[in-house]
$ cat final38.txt   # compact mmCIF, C-alpha atoms and all ligand atoms
# COMPACT_ATOMS: atom_id res chain seq x y z
CA MET K 1 -62.44 5.61 63.63
CA LYS K 2 -59.89 3.04 64.67
CA GLU K 3 -61.39 -0.05 66.37
CA PRO K 4 -60.22 -0.42 69.98
CA SER K 5 -57.81 -3.29 70.38
CA PHE K 6 -56.27 -4.67 73.52
CA GLU K 7 -53.37 -6.25 71.65
CA HIS K 8 -52.32 -2.77 70.67
CA GLU K 9 -53.25 -0.92 73.83
CA PHE K 10 -51.97 -3.44 76.34
CA ALA K 11 -48.56 -3.23 74.75
CA ILE K 12 -48.09 -0.05 76.76
CA ILE K 13 -48.58 -1.83 80.09
CA PRO K 14 -44.84 -1.89 80.84
CA THR K 15 -44.83 1.93 80.78
CA PHE K 16 -47.81 1.88 83.16
CA VAL K 17 -45.72 1.90 86.30
CA SER K 18 -43.94 5.10 85.41
CA GLY K 19 -46.89 6.95 83.77
CA ASN K 20 -50.13 8.33 85.15
CA GLN K 21 -51.51 4.99 86.24
CA GLU K 22 -55.05 6.17 86.91
CA THR K 23 -55.49 7.76 83.45
CA VAL K 24 -54.11 4.66 81.76
CA VAL K 25 -56.47 2.31 83.61
CA VAL K 26 -59.47 4.56 82.98
CA GLN K 27 -58.60 4.57 79.26
CA PHE K 28 -58.24 0.79 79.17
CA LEU K 29 -61.53 0.31 80.98
CA LYS K 30 -63.24 2.45 78.33
CA THR K 31 -61.70 0.33 75.59
CA ALA K 32 -62.82 -2.82 77.38
CA THR K 33 -66.38 -1.51 77.69
CA ASN K 34 -66.46 -0.89 73.93
CA LEU K 35 -65.02 -4.30 73.22
CA LEU K 36 -67.58 -5.96 75.44
CA ARG K 37 -70.37 -4.18 73.59
CA LYS K 38 -69.07 -5.53 70.28
CA ALA K 39 -68.09 -9.01 71.46
CA LYS K 40 -70.21 -11.80 69.97
CA THR K 41 -68.32 -15.00 70.62
CA LEU K 42 -67.41 -16.75 73.82
CA GLU K 43 -63.73 -16.36 72.93
CA GLU K 44 -64.05 -12.57 72.56
CA ILE K 45 -65.85 -12.21 75.87
CA GLN K 46 -63.30 -14.40 77.65
CA GLU K 47 -60.55 -12.23 76.29
CA VAL K 48 -62.15 -9.04 77.61
CA TRP K 49 -62.67 -10.72 80.99
CA GLN K 50 -58.95 -11.57 81.21
CA LYS K 51 -57.89 -8.00 80.46
CA VAL K 52 -60.39 -6.43 82.86
CA ASN K 53 -59.44 -8.90 85.55
CA ALA K 54 -55.83 -7.76 85.12
CA LEU K 55 -56.89 -4.10 85.25
CA GLU K 56 -58.85 -4.74 88.41
CA ALA K 57 -55.79 -6.32 90.02
CA LEU K 58 -53.59 -3.40 88.92
CA SER K 59 -56.05 -0.81 90.23
CA LYS K 60 -55.93 -2.51 93.63
CA LYS K 61 -52.19 -3.09 93.61
CA PHE K 62 -51.43 0.56 92.86
CA ARG K 63 -54.21 1.74 95.17
CA LEU K 64 -55.91 3.82 92.50
CA SER K 65 -58.95 5.83 93.49
CA LYS K 66 -61.91 3.87 94.90
CA ASP K 67 -64.00 4.90 91.89
CA VAL K 68 -61.55 3.40 89.41
CA GLN K 69 -61.23 0.20 91.45
CA LEU K 70 -65.02 -0.09 91.55
CA ASP K 71 -65.29 0.64 87.80
CA ALA K 72 -62.95 -2.27 87.13
CA THR K 73 -64.80 -4.66 89.46
CA GLU K 74 -68.20 -3.62 88.12
CA LEU K 75 -67.08 -4.18 84.53
CA ARG K 76 -65.64 -7.60 85.40
CA ILE K 77 -68.98 -8.60 86.98
CA ARG K 78 -70.88 -7.34 83.91
CA ILE K 79 -68.66 -9.51 81.72
CA GLU K 80 -69.42 -12.49 83.96
CA ARG K 81 -73.13 -11.81 83.47
CA ARG K 82 -72.53 -11.74 79.68
CA LEU K 83 -70.65 -15.05 79.93
CA GLY K 84 -73.68 -16.51 81.71
CA GLU K 85 -75.97 -15.17 78.97
CA ILE K 86 -73.87 -16.56 76.13
CA LEU K 87 -73.68 -19.97 77.79
CA ARG K 88 -77.45 -19.96 78.14
CA GLN K 89 -77.96 -18.95 74.50
CA LYS K 90 -75.69 -21.77 73.40
CA THR K 91 -77.62 -24.28 75.52
CA GLU K 92 -80.87 -22.96 74.09
CA SER K 93 -79.75 -23.34 70.51
CA ARG K 94 -78.52 -26.88 71.28
CA GLU K 95 -81.91 -27.70 72.82
CA GLY K 96 -83.67 -26.44 69.71
CA HIS K 97 -85.33 -23.35 71.28
CA ILE K 98 -87.77 -25.57 73.15
CA LYS K 99 -87.94 -23.35 76.17
CA LYS K 100 -87.41 -20.00 74.55
CA GLN K 101 -90.56 -18.48 75.95
CA ASN K 102 -89.22 -18.93 79.49
CA GLN K 103 -85.50 -18.35 79.33
CA ASN K 104 -85.12 -18.64 83.09
CA LEU K 105 -85.91 -22.33 82.87
CA VAL K 106 -82.93 -23.02 80.63
CA LYS K 107 -80.28 -24.76 82.69
CA VAL K 108 -76.74 -24.47 81.41
CA ASP K 109 -74.87 -27.74 81.20
CA LEU K 110 -71.75 -27.06 83.26
CA ASP K 111 -70.03 -30.03 81.62
CA SER K 112 -70.67 -28.97 78.04
CA GLU K 113 -67.65 -28.39 75.77
CA ASP K 114 -68.14 -24.60 76.02
CA SER K 115 -68.33 -24.68 79.81
CA LYS K 116 -65.28 -26.92 80.00
CA SER K 117 -63.24 -24.64 77.75
CA ILE K 118 -64.16 -21.53 79.78
CA ARG K 119 -63.28 -23.32 82.97
CA SER K 120 -59.87 -24.34 81.70
CA ASN K 121 -59.10 -21.02 79.91
CA LEU K 122 -60.00 -18.74 82.79
CA ASN K 123 -59.49 -21.10 85.69
CA PHE K 124 -63.15 -20.96 86.72
CA THR K 125 -64.87 -23.62 88.77
CA LYS K 126 -68.32 -25.05 88.01
CA ASN K 127 -69.54 -22.98 90.93
CA ASP K 128 -68.23 -19.80 89.25
CA LEU K 129 -70.13 -20.66 86.08
CA SER K 130 -73.36 -21.31 87.94
CA LYS K 131 -72.94 -17.91 89.63
CA PHE K 132 -72.60 -16.26 86.19
CA GLN K 133 -75.71 -18.10 85.12
CA GLU K 134 -77.56 -16.70 88.13
CA LEU K 135 -76.34 -13.18 87.27
CA ALA K 136 -77.60 -13.69 83.72
CA ARG K 137 -81.01 -14.84 84.95
CA THR K 138 -81.49 -11.69 87.04
CA PRO K 139 -83.79 -9.16 85.38
CA GLN K 140 -81.84 -6.14 84.10
CA LYS K 141 -83.65 -3.65 86.33
CA LEU K 142 -82.95 -5.60 89.53
CA PHE K 143 -79.33 -6.23 88.52
CA GLU K 144 -78.73 -2.51 87.91
CA ALA K 145 -80.42 -1.51 91.18
CA VAL K 146 -78.33 -3.97 93.21
CA VAL K 147 -75.07 -2.89 91.52
CA THR K 148 -75.87 0.77 92.24
CA ASP K 149 -76.73 0.01 95.89
CA LEU K 150 -73.62 -2.05 96.54
CA ARG K 151 -71.37 0.47 94.78
CA THR K 152 -72.76 3.25 96.95
CA GLU K 153 -72.25 1.15 100.05
CA ALA K 154 -68.67 0.36 99.00
CA VAL K 155 -67.95 4.09 98.63
CA ILE K 156 -69.49 5.01 101.97
CA LYS K 157 -68.23 2.13 104.10
CA ARG K 158 -64.52 1.33 104.15
CA GLN K 159 -65.20 -2.33 104.92
CA ALA K 160 -67.71 -2.93 102.12
CA ALA K 161 -66.55 -4.18 98.70
CA LEU K 162 -68.20 -4.91 95.38
CA SER K 163 -68.09 -8.61 94.50
CA THR K 164 -69.94 -11.23 92.46
CA THR K 165 -70.92 -13.06 95.65
CA GLY K 166 -72.11 -9.83 97.32
CA ILE K 167 -74.25 -8.95 94.31
CA LEU K 168 -75.77 -12.42 94.20
CA ARG K 169 -76.50 -12.28 97.94
CA ALA K 170 -78.30 -8.96 97.51
CA ILE K 171 -80.24 -10.31 94.52
CA ARG K 172 -81.33 -13.37 96.53
CA ASN K 173 -82.45 -11.11 99.39
CA GLU K 174 -84.55 -9.09 96.97
CA HIS K 175 -86.17 -12.27 95.64
CA LYS K 176 -86.82 -13.37 99.22
CA LYS K 177 -88.53 -10.05 99.97
CA ASP K 178 -90.77 -10.57 96.95
CA SER K 179 -91.74 -14.02 98.16
CA GLU K 180 -92.72 -12.69 101.63
CA PRO K 181 -96.50 -12.47 101.82
CA LEU K 182 -97.71 -8.89 101.54
CA PHE K 183 -99.39 -9.23 104.95
CA SER K 184 -98.97 -11.78 107.71
CA PRO K 185 -101.92 -14.04 108.64
CA ILE K 186 -101.25 -12.98 112.25
CA ILE K 187 -102.67 -9.56 111.39
CA LYS K 188 -106.45 -9.81 111.42
CA PRO K 189 -108.49 -8.06 108.75
CA SER K 190 -111.50 -7.62 111.06
CA ASP K 191 -112.24 -6.89 114.71
CA ASN K 192 -112.39 -10.64 115.42
CA TRP K 193 -108.91 -11.18 116.88
CA ASN K 194 -109.14 -14.93 117.42
CA PHE K 195 -106.14 -17.04 116.60
CA SER K 196 -106.68 -20.70 115.78
CA THR K 197 -103.05 -21.48 116.54
CA VAL K 198 -101.12 -19.22 118.85
CA GLN K 199 -97.57 -18.51 117.71
CA TYR K 200 -96.70 -16.19 120.61
CA GLY K 201 -97.97 -18.25 123.51
CA ARG K 202 -97.28 -17.71 127.19
CA ILE K 203 -93.70 -16.97 128.13
CA ASP K 204 -94.07 -17.35 131.87
CA GLU K 205 -94.73 -21.05 132.43
CA ALA K 206 -94.85 -20.62 136.21
CA TRP K 207 -98.30 -19.03 135.94
CA GLY K 208 -101.61 -20.83 136.13
CA GLU K 209 -103.08 -21.73 132.78
CA TYR K 210 -105.54 -18.91 132.09
CA ARG K 211 -104.32 -16.12 134.33
CA GLY K 212 -103.08 -12.79 133.03
CA TYR K 213 -102.16 -14.26 129.71
CA ILE K 214 -102.97 -12.81 126.33
CA PRO K 215 -101.67 -14.27 123.08
CA GLY K 216 -98.83 -12.11 121.77
CA GLU K 217 -100.84 -11.86 118.54
CA ILE K 218 -103.05 -9.27 120.26
CA TYR K 219 -100.03 -7.00 120.74
CA ALA K 220 -99.01 -7.57 117.10
CA ASN K 221 -102.44 -6.41 115.93
CA CYS K 222 -102.38 -3.40 118.28
CA PHE K 223 -98.99 -2.40 116.89
CA TRP K 224 -100.17 -2.94 113.33
CA TYR K 225 -103.35 -0.91 113.59
CA TYR K 226 -102.30 1.80 116.02
CA VAL K 227 -98.52 2.41 115.78
CA LYS K 228 -96.80 4.51 113.13
CA PRO K 229 -93.11 4.31 112.18
CA GLY K 230 -90.91 6.04 114.75
CA ASP K 231 -93.63 6.19 117.45
CA LEU K 232 -92.80 5.94 121.15
CA VAL K 233 -94.91 3.07 122.53
CA ILE K 234 -95.34 2.54 126.27
CA SER K 235 -96.45 -0.67 127.93
CA PRO K 236 -97.02 0.43 131.56
CA MET K 237 -98.26 -2.99 132.75
CA ALA K 238 -95.78 -5.13 130.87
CA GLY K 239 -95.75 -8.00 133.45
CA SER K 240 -93.34 -10.57 132.08
CA GLY K 241 -92.73 -8.74 128.80
CA GLN K 242 -94.73 -10.70 126.23
CA ILE K 243 -95.00 -7.41 124.37
CA LEU K 244 -91.21 -7.20 123.96
CA ARG K 245 -91.04 -10.66 122.49
CA VAL K 246 -93.67 -9.71 119.88
CA TYR K 247 -91.94 -6.38 119.20
CA GLU K 248 -88.59 -8.13 118.68
CA ALA K 249 -90.17 -10.62 116.27
CA ARG K 250 -91.86 -7.90 114.20
CA GLN K 251 -90.21 -8.97 110.94
CA GLU K 252 -92.22 -12.21 111.35
CA TRP K 253 -95.65 -10.57 111.35
CA MET K 254 -95.13 -7.30 109.48
CA GLY K 255 -95.06 -9.03 106.05
CA GLN K 256 -93.41 -6.77 103.49
CA HIS K 257 -93.99 -3.68 105.62
CA VAL K 258 -91.47 -3.97 108.44
CA TYR K 259 -90.92 -0.67 110.24
CA ASP K 260 -89.32 0.54 113.45
CA PHE K 261 -90.68 2.22 116.53
CA LYS K 262 -89.56 2.53 120.17
CA LEU K 263 -90.95 0.41 123.00
CA LYS K 264 -90.55 1.08 126.73
CA MET K 265 -91.89 -1.21 129.44
CA PHE K 266 -92.93 -0.63 133.07
CA ASP K 267 -94.76 -2.67 135.71
CA LEU K 268 -95.50 -2.55 139.42
CA THR K 269 -93.86 -5.98 139.75
CA PRO K 270 -91.58 -6.77 136.79
CA ARG K 271 -90.92 -10.50 136.36
CA GLY K 272 -89.94 -13.22 133.94
CA LYS K 273 -87.04 -13.43 131.54
CA TYR K 274 -87.26 -9.77 130.48
CA LYS K 275 -87.47 -8.56 134.09
CA ASP K 276 -84.33 -6.42 133.86
CA LEU K 277 -85.71 -4.57 130.85
CA ILE K 278 -88.95 -3.63 132.64
CA ILE K 279 -88.80 -0.61 134.94
CA GLN K 280 -90.61 -0.82 138.28
CA HIS K 281 -93.38 1.81 138.40
CA ASP K 282 -96.77 2.28 140.09
CA LEU K 283 -99.12 3.56 137.40
CA THR K 284 -101.68 4.83 139.93
CA LYS K 285 -99.10 7.40 141.11
CA SER K 286 -98.06 8.89 137.72
CA PHE K 287 -97.33 8.08 134.11
CA PRO K 288 -93.66 7.10 133.76
CA VAL K 289 -92.77 9.09 130.58
CA GLU K 290 -93.95 12.19 128.75
CA ASN K 291 -95.64 12.29 125.34
CA PRO K 292 -96.09 8.63 124.47
CA ASP K 293 -97.52 8.25 120.96
CA TYR K 294 -99.26 5.06 121.96
CA ILE K 295 -100.02 3.33 125.27
CA VAL K 296 -101.12 -0.28 125.45
CA MET K 297 -102.00 -1.96 128.74
CA ASP K 298 -103.14 -5.44 129.57
CA ILE K 299 -104.64 -4.64 132.97
CA PRO K 300 -105.15 -7.21 135.76
CA TYR K 301 -108.60 -8.60 135.04
CA TYR K 302 -110.95 -7.46 137.75
CA GLY K 303 -111.79 -10.18 140.26
CA MET K 304 -109.86 -12.96 138.53
CA VAL K 305 -106.22 -12.65 139.51
CA ALA K 306 -105.99 -11.64 143.21
CA GLN K 307 -102.46 -12.22 144.63
CA GLN K 308 -101.35 -13.43 141.20
CA TYR K 309 -98.68 -10.83 140.51
CA SER K 310 -97.83 -9.66 144.05
CA ASN K 311 -99.38 -9.16 147.46
CA LYS K 312 -99.00 -5.36 147.23
CA ALA K 313 -102.00 -3.23 148.15
CA GLU K 314 -101.39 -0.94 145.14
CA ASP K 315 -101.58 -3.95 142.78
CA LEU K 316 -104.90 -3.64 140.90
CA ALA K 317 -105.27 -7.41 140.96
CA ASN K 318 -105.68 -7.35 144.77
CA MET K 319 -108.31 -4.57 145.00
CA ALA K 320 -112.00 -4.76 145.80
CA LEU K 321 -114.31 -3.24 143.19
CA GLU K 322 -114.54 0.24 144.72
CA ASP K 323 -110.77 0.67 145.16
CA TRP K 324 -110.19 -0.89 141.75
CA GLN K 325 -112.42 1.76 140.15
CA ILE K 326 -110.63 4.58 141.99
CA ALA K 327 -107.23 3.20 140.91
CA ILE K 328 -108.33 2.77 137.28
CA ALA K 329 -109.71 6.35 137.26
CA ARG K 330 -106.29 7.60 138.44
CA ILE K 331 -104.55 5.59 135.75
CA ALA K 332 -106.85 7.04 133.04
CA LYS K 333 -106.02 10.56 134.30
CA ASN K 334 -102.28 9.86 134.40
CA CYS K 335 -102.40 8.62 130.80
CA ALA K 336 -104.36 11.72 129.75
CA VAL K 337 -101.83 14.07 131.38
CA ALA K 338 -98.95 12.35 129.57
CA GLN K 339 -100.53 12.11 126.11
CA LYS K 340 -101.00 14.75 123.44
CA THR K 341 -104.22 15.33 121.49
CA GLY K 342 -104.81 12.72 118.78
CA THR K 343 -102.63 9.98 120.29
CA LEU K 344 -104.05 6.56 121.17
CA CYS K 345 -104.31 4.46 124.30
CA THR K 346 -105.44 0.81 124.34
CA VAL K 347 -106.84 -0.96 127.40
CA ILE K 348 -107.34 -4.72 127.28
CA SER K 349 -109.88 -6.34 129.59
CA PRO K 350 -112.78 -8.79 129.69
CA ASN K 351 -115.98 -8.25 131.68
CA TYR K 352 -116.47 -10.11 134.96
CA ARG K 353 -119.08 -12.70 135.85
CA ASP K 354 -119.08 -14.94 138.89
CA VAL K 355 -120.96 -18.13 138.03
CA THR K 356 -121.25 -19.18 141.67
CA ASN K 357 -122.61 -15.97 143.28
CA GLY K 358 -124.22 -14.39 140.22
CA LEU K 359 -122.15 -11.15 140.32
CA ILE K 360 -121.84 -9.40 136.97
CA VAL K 361 -119.48 -6.41 136.52
CA MET K 362 -119.36 -4.74 133.11
CA VAL K 363 -115.69 -3.87 133.53
CA THR K 364 -115.23 -2.65 129.94
CA ASP K 365 -118.09 -0.16 130.35
CA ILE K 366 -116.44 1.15 133.52
CA ILE K 367 -113.15 1.52 131.68
CA ARG K 368 -114.83 3.33 128.82
CA SER K 369 -116.59 5.82 131.08
CA LEU K 370 -113.41 6.49 133.11
CA TRP K 371 -111.29 7.06 129.97
CA GLU K 372 -113.99 9.34 128.57
CA SER K 373 -114.07 11.32 131.83
CA ALA K 374 -110.29 11.68 131.62
CA GLY K 375 -110.52 13.33 128.16
CA TYR K 376 -110.51 10.47 125.66
CA THR K 377 -113.11 9.26 123.15
CA LEU K 378 -113.60 5.65 122.16
CA TYR K 379 -111.74 5.25 118.89
CA ASP K 380 -111.87 1.54 118.15
CA LYS K 381 -112.79 -1.87 119.58
CA ALA K 382 -111.71 -5.45 118.83
CA TYR K 383 -112.56 -8.78 120.45
CA SER K 384 -110.52 -11.83 121.30
CA SER K 385 -111.38 -15.13 122.93
CA ARG K 386 -109.62 -16.10 126.16
CA ARG K 387 -110.00 -19.65 124.83
CA ILE K 388 -111.37 -20.91 128.13
CA GLN K 389 -113.33 -23.59 126.27
CA GLN K 390 -110.31 -25.00 124.47
CA ASN K 391 -109.50 -27.48 127.26
CA GLN K 392 -112.51 -29.71 127.81
CA THR K 393 -111.31 -30.97 131.20
CA PRO K 394 -113.81 -32.43 133.72
CA GLN K 395 -113.41 -29.18 135.70
CA MET K 396 -114.41 -27.13 132.64
CA ALA K 397 -117.38 -29.39 132.01
CA ARG K 398 -118.54 -28.78 135.62
CA MET K 399 -118.16 -25.00 135.19
CA ASN K 400 -120.10 -25.08 131.94
CA ASN K 401 -122.95 -26.93 133.62
CA GLN K 402 -122.88 -24.57 136.58
CA ALA K 403 -123.09 -21.56 134.21
CA LYS K 404 -126.10 -23.02 132.45
CA ALA K 405 -127.81 -24.11 135.69
CA ASN K 406 -127.31 -20.71 137.38
CA ARG K 407 -128.12 -18.77 134.20
CA ILE K 408 -124.84 -16.82 134.46
CA MET K 409 -122.57 -17.02 131.43
CA LEU K 410 -118.86 -17.63 131.78
CA THR K 411 -116.68 -14.78 130.54
CA ASP K 412 -114.57 -15.63 127.53
CA ILE K 413 -114.22 -12.50 125.41
CA THR K 414 -111.48 -9.95 126.02
CA GLU K 415 -112.21 -6.50 124.67
CA ILE K 416 -109.43 -4.42 123.18
CA LEU K 417 -110.63 -0.85 123.70
CA THR K 418 -108.69 1.92 122.02
CA PHE K 419 -109.21 5.52 123.04
CA ARG K 420 -108.15 8.73 121.31
CA ARG K 421 -106.91 11.65 123.41
CA GLY K 422 -109.17 14.65 122.72
C1 LIG K 501 -102.54 -8.94 133.01
S1 LIG K 501 -100.96 -8.58 133.66
C2 LIG K 501 -100.04 -8.16 132.28
C3 LIG K 501 -99.38 -9.33 131.72
C4 LIG K 501 -98.58 -9.02 130.50
N1 LIG K 501 -99.44 -8.97 129.35
C5 LIG K 501 -97.43 -10.02 130.30
O1 LIG K 501 -96.94 -10.14 129.19
O2 LIG K 501 -97.01 -10.64 131.26
C6 LIG K 501 -101.24 -7.09 134.51
C7 LIG K 501 -100.01 -6.45 135.08
O3 LIG K 501 -100.37 -5.26 135.76
C8 LIG K 501 -99.42 -5.04 136.78
N2 LIG K 501 -99.96 -4.07 137.77
C9 LIG K 501 -100.89 -4.22 138.72
N3 LIG K 501 -101.08 -3.09 139.40
C10 LIG K 501 -100.25 -2.17 138.88
C11 LIG K 501 -99.96 -0.80 139.15
N4 LIG K 501 -100.57 -0.15 140.15
N5 LIG K 501 -99.03 -0.17 138.39
C12 LIG K 501 -98.38 -0.81 137.39
N6 LIG K 501 -98.60 -2.11 137.09
C13 LIG K 501 -99.52 -2.78 137.82
C14 LIG K 501 -99.23 -6.43 137.35
O4 LIG K 501 -97.98 -6.53 138.03
C15 LIG K 501 -99.30 -7.29 136.12
O5 LIG K 501 -98.02 -7.59 135.63
$ encode --input "final38.txt" --output "structure tokens"
Amino acid sequence: MKEPSFEHEFAIIPTFVSGNQETVVVQFLKTATNLLRKAKTLEEIQEVWQKVNALEALSKKFRLSKDVQLDATELRIRIERRLGEILRQKTESREGHIKKQNQNLVKVDLDSEDSKSIRSNLNFTKNDLSKFQELARTPQKLFEAVVTDLRTEAVIKRQAALSTTGILRAIRNEHKKDSEPLFSPIIKPSDNWNFSTVQYGRIDEAWGEYRGYIPGEIYANCFWYYVKPGDLVISPMAGSGQILRVYEARQEWMGQHVYDFKLKMFDLTPRGKYKDLIIQHDLTKSFPVENPDYIVMDIPYYGMVAQQYSNKAEDLANMALEDWQIAIARIAKNCAVAQKTGTLCTVISPNYRDVTNGLIVMVTDIIRSLWESAGYTLYDKAYSSRRIQQNQTPQMARMNNQAKANRIMLTDITEILTFRRG
């Protein structure tokens, strides 16, 4: 069979304009692919690059089919990868095969005679050559996967194009993904949800230091353990919207497993910077949406936050124990009516102890019994410190002494109770 030769075949280029341009280009691209396969020297590869570069330009100029244009670009990029490989091999042989076992460590000298001649022959910059080197360093499997992805994207989207830079960007993104830890340290492997440093601290600085504030990390762990991709999640006591901030930052704590779900927020008294995204709703009256896959509520802690969020009578924070229990029972029922069997509902609350008058209310037991009466079973439980001991102020020291003297412990642990709708 006759060897393919560009000298011969390219002689017909002048007739290109009048002939069937697409067939001619397709034929030339085939010839170029064969030549590339056979090419051994830098000079041969440079020659193929020049021809394919010209074919690519022609395919664009004459607006040939997208497929042919992409074939030309893809082949040009493959040649650039080969150029990178050959340059590396040459460097290796100059360096006496010292680093052969780890080829990725071989750094091509961009000022070597070979590099200089390529740069002047093909008008490449040093930057171009280092890009080719990067293409050459990319494992075959990853390179092929990225080329396929970007080609598909270029066919589907009018705006998208195949390019050396685009391929390198996609390759770098893939490497970045691999370097992401599999799981974030924010996600706790046990039911001890204590966070030595809090990344998602309070967002509403106007509040007092310990009131109504949970580290956003608690929401991240709730999402992680209880929310599936595509779920509808409802936060019916969203307050100032800490939950939204954690939801929006999910690529930070989902490690390599980032997924999407929907979040809707409600509150009796929306406030803070996300106020406009939180819908005003009284949860004791009804549940605001149907069929939530997951409900998570950070309720006003009984006895600790009176008048903190509003002065409304229907605000749980302002209720005496009896009314608080009635309101919580209604809320449990409203959740049960809205949720389907098997879905989950999390309630976050500490117990209550008053060091000065000795009153102890096992709030989390009350919550459990009310949710069970409404048709749920306890599914899971985690614990988190309210970090009340972290500031050793004189006031804290006095409270600690008072607790010990009166034999009534201070309350520090928040329980994260998750119920399953029966
Ligand atoms: C502990 S705070 C939640 C704070 C929230 N984690 C945040 O990011 O700001 C409890 C919330 O319950 C709300 N609340 C009190 N009574 C309510 C009711 N009847 N219906 C709906 N929300 C209520 C309060 O307005 C308050 O924002």
$ closest_residue --input "final38.txt" --among "K:Leu35, K:Ala57, K:Leu70, K:Leu42" --to "Thr152 (chain K)" --atoms "all atoms listed in the file"
K:Leu70
$ residues_near_ligand --input "final38.txt" --ligand "ligand LIG 501 (chain K)" --cutoff "6 Å" --atoms "only C-alpha atoms and all ligand atoms" --output "MDAnalysis selection string"
chainID K and resid 212:213 237:243 267:269 281:284 298:300 309 314:317
$ closest_residue --input "final38.txt" --among "K:Cys335, K:Ile413, K:Cys345, K:Ala327" --to "Thr364 (chain K)" --atoms "all atoms listed in the file"
K:Ile413
$ residues_around --input "final38.txt" --residues "Asp293 (chain K)" --least-positions-apart "5" --cutoff "10 Å" --atoms "all atoms listed in the file" --output "PyMOL selection string"
chain K and resi 226-228+230-234+262+338-345
$ residues_around --input "final38.txt" --residues "Ala136 (chain K)" --least-positions-apart "6" --cutoff "7 Å" --atoms "all atoms listed in the file" --output "list in words"
Arg81, Arg82, Gly84 and Glu85 of chain K
$ atom_distance --input "final38.txt" --atom1 "CA of Ile367 (chain K)" --atom2 "CA of Ile348 (chain K)"
9.6 Å
$ closest_residue --input "final38.txt" --among "K:Arg398, K:Tyr301, K:Ser384, K:Pro229" --to "Phe195 (chain K)" --atoms "only C-alpha atoms"
K:Ser384
$ atom_distance --input "final38.txt" --atom1 "CA of Met254 (chain K)" --atom2 "CA of Glu134 (chain K)"
29.2 Å
$ residues_around --input "final38.txt" --residues "Glu113 (chain K)" --least-positions-apart "4" --cutoff "12 Å" --atoms "only C-alpha atoms" --output "list in words"
Leu42, Leu87, Lys90, Thr91, Arg94, Val108, Asp109, Ser117, Ile118, Arg119 and Ser120 of chain K
$ residues_around --input "final38.txt" --residues "Lys404 (chain K)" --least-positions-apart "6" --cutoff "12 Å" --atoms "only C-alpha atoms" --output "list in words"
Val355, Thr356, Gly358, Ala397, Arg398 and Leu410 of chain K
$ closest_residue --input "final38.txt" --among "K:Arg37, K:Lys285, K:Arg353, K:Lys312" --to "Ile326 (chain K)" --atoms "only C-alpha atoms"
K:Lys285
$ closest_residue --input "final38.txt" --among "K:Ile295, K:Ala313, K:Ala374, K:Ile171" --to "Val347 (chain K)" --atoms "all atoms listed in the file"
K:Ile295
$ closest_residue --input "final38.txt" --among "K:Asp149, K:Leu244, K:Ala382, K:Glu22" --to "Lys275 (chain K)" --atoms "only C-alpha atoms"
K:Leu244
$ residues_around --input "final38.txt" --residues "region 181-189 of chain K" --least-positions-apart "2" --cutoff "7 Å" --atoms "only C-alpha atoms" --output "MDAnalysis selection string"
chainID K and resid 179 193 217 221 253:256
$ atom_distance --input "final38.txt" --atom1 "CA of Leu321 (chain K)" --atom2 "CA of Ser349 (chain K)"
14.6 Å
$ decode --input "final38.txt" --residues "region 64-91 of chain K" --atoms "C-alpha atoms" --output "CSV table (one decimal), in the first residue's frame"
chain,number,residue,atom,x,y,z
K,64,LEU,CA,-17.7,22.5,7.7
K,65,SER,CA,-19.8,20.3,10.0
K,66,LYS,CA,-19.2,20.6,13.7
K,67,ASP,CA,-17.9,17.0,13.8
K,68,VAL,CA,-15.2,17.7,11.2
K,69,GLN,CA,-14.1,20.9,12.9
K,70,LEU,CA,-13.9,19.0,16.2
K,71,ASP,CA,-12.0,16.2,14.6
K,72,ALA,CA,-9.4,18.7,13.4
K,73,THR,CA,-9.1,20.4,16.7
K,74,GLU,CA,-8.9,17.1,18.6
K,75,LEU,CA,-6.2,15.8,16.3
K,76,ARG,CA,-4.2,19.0,16.7
K,77,ILE,CA,-4.4,18.7,20.5
K,78,ARG,CA,-3.3,15.1,20.3
K,79,ILE,CA,-0.3,16.1,18.3
K,80,GLU,CA,0.6,18.8,20.9
K,81,ARG,CA,0.5,16.0,23.5
K,82,ARG,CA,2.9,14.0,21.4
K,83,LEU,CA,5.2,17.0,21.1
K,84,GLY,CA,5.2,17.2,24.9
K,85,GLU,CA,6.0,13.5,25.1
K,86,ILE,CA,8.9,13.7,22.6
K,87,LEU,CA,10.4,16.7,24.4
K,88,ARG,CA,10.2,14.9,27.7
K,89,GLN,CA,11.8,11.8,26.2
K,90,LYS,CA,14.6,13.9,24.8
K,91,THR,CA,15.2,15.5,28.2
